[in-house]
Structure formats: structure tokens, C-alpha cells
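Working notes, structure below.
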Amino acid sequence: MDSVFHPGELAAQARAGTGSPGGSFIRPFMPDQHRDFFALLPYLFLATVDADGWPVATVLTGEAGFVRSPDPTTLTVAARPREGEPGGELFRPGQPFGALGLDFTTRRRNRANGVIAEAEEGGLTLRVLQSFGNCPQYIQTRAVEAGPASTIPAEAIAFPTSDALAQIARADTMFVATVAGGQNGGVDISHRGGLPGFVKVSGEVLTIPDFRGNRFFNTLGNLVLDPRAALLFVDFETGDLLHLQGRAEIDWDAPGDGAWPEGVQRQWRLRVERAWRRPAALPLRWAFGDYSPTSLATAAWNAA
């Protein structure tokens, strides 16, 4: 491979003026510390695409150890998307996947992308084509414990609703799935964090800041090539899930003659086209610990 970054990522890096950070941290296999890390988690954020190419994001849950790695290019997941989850039927053999493991207690996060090799009643087998770690920035600490889950299916909603707006306003964390090019399988899922309200809403449009990060530009590079995105909001206190799909537009420069608030390098706006909400979807609850120092440094964005 001439580059581990696809043309969209390279274009985003060039447009941002950062230059390529190099791809030495992106591997076609999982190092042992990543393999061990996934086995510690009782949840896994996962993405794929539908028949029309739209990304779909969800979160799988189980006892710690429900995700295992029998070899450096394989993850086995002893769980499937819950019945009634949007896009749950899409996780089948041959489909691309993007996986994000995130430990809220330690702020560690690792990514794995590739293709679903097997899908059985008891779970999934994932063939990993790309693996890399992410920095701990913008991750708030939380302690996880078991909680009651509802069996009521997700309901399609006409966004925005008062419940959806309230959930977004409380959120200090969200997850975004995008269609990926290059050698990683075809889809990616990433984390975004800030202070509550860092995702701003006006009508059907969400505005998301792009804070200083690892300079890989995975998400924005994907959006350069395909503007479709899926957002997942988790209410950590109630287990509620909010799923959104829409098309995004990147604002590389600050509007007018102004400047971005401190810590913000650009923003992107997503116009919601479809939305689903599922109260108490998860059998887990998280108790808040503290904000990341990098999140605390983004207060100017919320105030702007």
C-alpha cells in the first residue's frame, strides 16, 4: 500500500493544512494489547451499511469477555444487535464493519475495521483489516453497571422531537459512523466528546465542532467522499438510544470574518433525514466520573 489513508482522508489533511501524520499506528492486524483490551469490555460500538450504502451505528453488550480475539486478525462477539434495533438485520456475512472499543474508566479506545466473516444466532465473527488506537482526548470517565432493558422496539420519529432534543442537549458524548474508502472494509465508527450541549441543534440541522485531534481525519475524510453519516447518542443514565441518519457538510473556515472559538478547528453540519429513538434499550447504566481536561478546555464553543 502506498498509503494507509484513502484519497478523502488525504484531501482532508491537505485542506486542513496539517499534513499527513503518517500511518505507522495503523496496522492490518491487532497488536496483543488491543486484543486483550477488547476482551475487557462489556459493550462494543459497531457500524455497518445498508443496501443503499447508508451507514448504521449501534452498540452491542454482554458480560466482560463477550468480545475475544483468537488471533491477530479476528474478533469474535458473543452478541447480535437487539431485536427491534434499526439496521440490526444488516450485520451478516460479507458486510463491512467498523468497531470501536472504548473504556470509559481509563479513557482508552481502540478501533478495528474489516468485514463480517460469520453471523450466527449467538454472535458475530469479524475479520479485521485495519486496527489502530486513538488518543484519550474528549472522553469523560464513567463507571458501568448492569441495569434494566426494555424489549420495546425502536420507534421512528419525526425529528426534532422534545425528547430527542433533550437527549442531545444533555449529551457530552456521541458516536458517528461514516462510509469509508481505502483498505479498511468500507465503514468506520468514531467517538466525539465535549461539554453537555457541544452538539448544537437548529431545526433539522446538527452542528458538531471538530476539536484538535489525531490529524488522521478518518471521519471528515470519509465525509469528503460520501456525505452520509449515522449518529448514535447514548443516554448513560437511562440506557436510551437515539439513532440519526443524514448528510453532512464541512465548514473548513469560520463563517464571515470571525474566528473559531478556542480549541475549534472547523465544524460540520448534519441535516437529519431519518431518526429513531429507543428508551431503555441497553442493559447497562453508567455513573459519571469527571470531564476530560480537553473537554473542559472547549467551554468557549458552548458559549459561542
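Going through the C-alpha cells in order, the chains are called A, B, and so on, while each chain numbers its residues from 1 and the ligands are numbered from 1 in the order shown.
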
For this session: Write out as JSON, numbers by chain each polymer residue whose atoms come within 12 Å of range 117-126 of chain A, counting only C-alpha atoms; drop sequence neighbours fewer than 5 positions from it.
Result: {"A": [46, 47, 48, 60, 61, 62, 66, 67, 68, 69, 70, 71, 72, 73, 74, 75, 76, 77, 78, 79, 80, 81, 82, 83, 88, 89, 90, 91, 92, 93, 94, 95, 96, 97, 98, 99, 112, 185]}

Only C-alpha atoms, please: the residues just picked out, written as an mmCIF file, in the first residue's frame.
```cif
data_model
loop_
_atom_site.group_PDB
_atom_site.id
_atom_site.type_symbol
_atom_site.label_atom_id
_atom_site.label_comp_id
_atom_site.auth_asym_id
_atom_site.auth_seq_id
_atom_site.Cartn_x
_atom_site.Cartn_y
_atom_site.Cartn_z
ATOM 1 C CA LEU A 46 -20.356 -1.240 15.895
ATOM 2 C CA ALA A 47 -21.260 0.082 12.443
ATOM 3 C CA THR A 48 -22.134 -1.312 9.027
ATOM 4 C CA LEU A 60 -23.621 -4.445 21.437
ATOM 5 C CA THR A 61 -23.483 -5.531 25.081
ATOM 6 C CA GLY A 62 -22.558 -8.588 27.134
ATOM 7 C CA PHE A 66 -18.042 -11.361 25.278
ATOM 8 C CA VAL A 67 -15.576 -9.929 22.735
ATOM 9 C CA ARG A 68 -12.481 -12.068 22.207
ATOM 10 C CA SER A 69 -9.594 -12.268 19.759
ATOM 11 C CA PRO A 70 -8.461 -15.810 18.903
ATOM 12 C CA ASP A 71 -5.827 -14.452 16.526
ATOM 13 C CA PRO A 72 -4.486 -11.002 15.472
ATOM 14 C CA THR A 73 -6.964 -10.588 12.593
ATOM 15 C CA THR A 74 -10.124 -11.941 14.235
ATOM 16 C CA LEU A 75 -12.651 -10.702 16.783
ATOM 17 C CA THR A 76 -15.496 -12.921 17.976
ATOM 18 C CA VAL A 77 -18.506 -11.170 19.513
ATOM 19 C CA ALA A 78 -20.963 -13.235 21.564
ATOM 20 C CA ALA A 79 -23.858 -10.861 20.831
ATOM 21 C CA ARG A 80 -26.017 -9.625 17.976
ATOM 22 C CA PRO A 81 -27.935 -6.339 17.672
ATOM 23 C CA ARG A 82 -31.057 -6.426 19.819
ATOM 24 C CA GLU A 83 -34.346 -7.263 18.139
ATOM 25 C CA GLY A 88 -29.926 -4.896 13.195
ATOM 26 C CA GLU A 89 -30.582 -7.305 10.334
ATOM 27 C CA LEU A 90 -27.688 -5.813 8.324
ATOM 28 C CA PHE A 91 -24.947 -7.429 10.423
ATOM 29 C CA ARG A 92 -24.427 -10.512 8.271
ATOM 30 C CA PRO A 93 -21.527 -12.234 6.440
ATOM 31 C CA GLY A 94 -19.831 -10.159 3.778
ATOM 32 C CA GLN A 95 -20.937 -6.861 5.273
ATOM 33 C CA PRO A 96 -18.281 -4.293 6.239
ATOM 34 C CA PHE A 97 -17.930 -3.390 9.904
ATOM 35 C CA GLY A 98 -16.348 -0.639 11.926
ATOM 36 C CA ALA A 99 -15.773 -1.356 15.627
ATOM 37 C CA ALA A 112 -10.908 -2.176 14.281
ATOM 38 C CA GLY A 185 -13.602 -2.751 4.664
#
```

For this session: Just the residues within 12 Å of Pro136 in chain A, please, counting only C-alpha atoms, with nothing from its chain fewer than 6 positions along; format it as an MDAnalysis selection string.
Result: chainID A and resid 102:110 191:193 213:214 291:295

Would you export the selected residues with C-alpha atoms as a CSV table (one decimal), in the first residue's frame, please?
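Okay, this is what ended up in again22.csv:
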```
chain,number,residue,atom,x,y,z
A,102,LEU,CA,-13.9,2.5,24.5
A,103,ASP,CA,-13.2,2.0,28.2
A,104,PHE,CA,-14.8,5.0,30.0
A,105,THR,CA,-12.9,4.2,33.2
A,106,THR,CA,-9.5,4.6,31.7
A,107,ARG,CA,-10.2,6.7,28.6
A,108,ARG,CA,-8.6,4.0,26.4
A,109,ARG,CA,-10.1,3.5,22.9
A,110,ASN,CA,-9.1,1.3,20.0
A,191,HIS,CA,-16.2,9.0,19.1
A,192,ARG,CA,-16.9,12.7,19.6
A,193,GLY,CA,-17.0,14.4,23.0
A,213,GLY,CA,-7.4,15.6,17.4
A,214,ASN,CA,-5.0,13.0,16.0
A,291,TYR,CA,-14.8,15.5,32.4
A,292,SER,CA,-11.7,15.1,30.2
A,293,PRO,CA,-9.3,18.1,30.6
A,294,THR,CA,-9.6,18.6,26.9
A,295,SER,CA,-13.4,18.7,27.1
```

For this session: Can you check which residues of range 174-295 of chain A DSSP gives as strand (DSSP E) on the backbone and send them as a PyMOL selection string?
Result: chain A and resi 174-179+187-193+200-202+205-211+228-234+241-251+264-278+284-288

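Closest to Gly87 in chain A among A:Gly246, A:Val59, A:Ala259, A:Leu100 is A:Val59, based on only C-alpha atoms.
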
Can you pull out every residue within 12 Å of Ala12 in chain A, counting only C-alpha atoms, but drop anything in the same chain fewer than 4 positions away, and send it as a tab-separated table (two decimals) with C-alpha atoms, in the first residue's frame?
```
chain	number	residue	atom	x	y	z
A	5	PHE	CA	-5.00	6.83	4.12
A	6	HIS	CA	-7.57	6.90	1.32
A	7	PRO	CA	-7.99	9.89	-1.08
A	8	GLY	CA	-10.68	11.53	1.08
A	16	ALA	CA	-6.74	21.39	6.94
A	17	GLY	CA	-3.10	22.21	6.25
A	18	THR	CA	-1.84	19.70	8.80
A	19	GLY	CA	0.00	17.31	6.51
A	20	SER	CA	-0.25	13.57	6.86
A	215	ARG	CA	-4.88	14.52	12.49
A	216	PHE	CA	-5.91	11.25	10.81
A	217	PHE	CA	-9.17	12.86	9.58
A	218	ASN	CA	-10.90	9.48	9.30
A	219	THR	CA	-14.42	10.85	9.76
A	220	LEU	CA	-14.02	14.09	7.81
A	221	GLY	CA	-12.04	12.29	5.10
A	222	ASN	CA	-14.91	9.85	4.70
A	223	LEU	CA	-17.39	12.73	4.52
A	224	VAL	CA	-15.31	14.34	1.76
A	225	LEU	CA	-16.06	11.30	-0.41
A	250	ILE	CA	-17.98	20.50	6.36
A	251	ASP	CA	-17.25	24.15	7.18
A	252	TRP	CA	-13.49	24.37	6.83
A	266	ARG	CA	-13.63	23.58	11.92
```

Problem set entry | Computed interatomic separation between CA of Gln33 in chain A and CA of Arg212 in chain A (Å) |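 CA of Arg212 in chain A lies at a distance of 25.7 Å from CA of Gln33 in chain A.
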
Contacts of range 12-115 of chain A with range 153-175 of chain A up to 9 Å, shortest pair per row, only C-alpha atoms, as JSON lines:
```
{"residue": "A:Phe45", "atom": "CA", "partner": "A:Phe175", "partner_atom": "CA", "distance": 8.3}
{"residue": "A:Ala57", "atom": "CA", "partner": "A:Phe175", "partner_atom": "CA", "distance": 7.9}
{"residue": "A:Arg82", "atom": "CA", "partner": "A:Pro153", "partner_atom": "CA", "distance": 8.8}
{"residue": "A:Glu83", "atom": "CA", "partner": "A:Pro153", "partner_atom": "CA", "distance": 7.0}
{"residue": "A:Gly84", "atom": "CA", "partner": "A:Pro153", "partner_atom": "CA", "distance": 4.2}
{"residue": "A:Glu85", "atom": "CA", "partner": "A:Ala154", "partner_atom": "CA", "distance": 5.8}
{"residue": "A:Pro86", "atom": "CA", "partner": "A:Ala154", "partner_atom": "CA", "distance": 6.8}
```

Same residues, N, CA and C atoms, saved as a short mmCIF file (atom, residue, chain, number, x, y, z; two decimals), in the first residue's frame:
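The resulting out-v8.cif:
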```cif
data_model
loop_
_atom_site.label_atom_id
_atom_site.label_comp_id
_atom_site.auth_asym_id
_atom_site.auth_seq_id
_atom_site.Cartn_x
_atom_site.Cartn_y
_atom_site.Cartn_z
N PHE A 45 -19.11 -0.67 20.35
CA PHE A 45 -19.80 0.16 19.37
C PHE A 45 -19.46 -0.37 17.97
N ALA A 57 -25.23 2.72 12.89
CA ALA A 57 -24.42 2.58 14.11
C ALA A 57 -25.26 2.00 15.23
N ARG A 82 -29.80 -6.06 19.18
CA ARG A 82 -31.06 -6.43 19.82
C ARG A 82 -32.21 -6.38 18.81
N GLU A 83 -33.18 -7.25 19.01
CA GLU A 83 -34.35 -7.26 18.14
C GLU A 83 -35.04 -5.90 18.21
N GLY A 84 -35.41 -5.38 17.06
CA GLY A 84 -36.05 -4.07 17.02
C GLY A 84 -35.10 -2.91 16.93
N GLU A 85 -33.78 -3.21 16.82
CA GLU A 85 -32.78 -2.14 16.69
C GLU A 85 -32.69 -1.73 15.22
N PRO A 86 -32.63 -0.43 14.88
CA PRO A 86 -32.54 -0.01 13.48
C PRO A 86 -31.31 -0.61 12.81
#
```

Exercise. Quick one, how far is CA of Ser150 in chain A from CA of Leu40 in chain A?
Worked result: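 For CA of Ser150 in chain A relative to CA of Leu40 in chain A, the distance reads 24.9 Å.
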
For this session: State, in Å with one decimal place, the distance from CA of Arg269 in chain A to CA of Pro227 in chain A.
Result: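 Distance reported for this atom pair: 10.2 Å.
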
Exercise. Using only C-alpha atoms, which of the listed residues (A:Trp301, A:Phe236, A:Phe132, A:Trp260) sits closest to Pro279 in chain A?
Worked result: A:Phe236
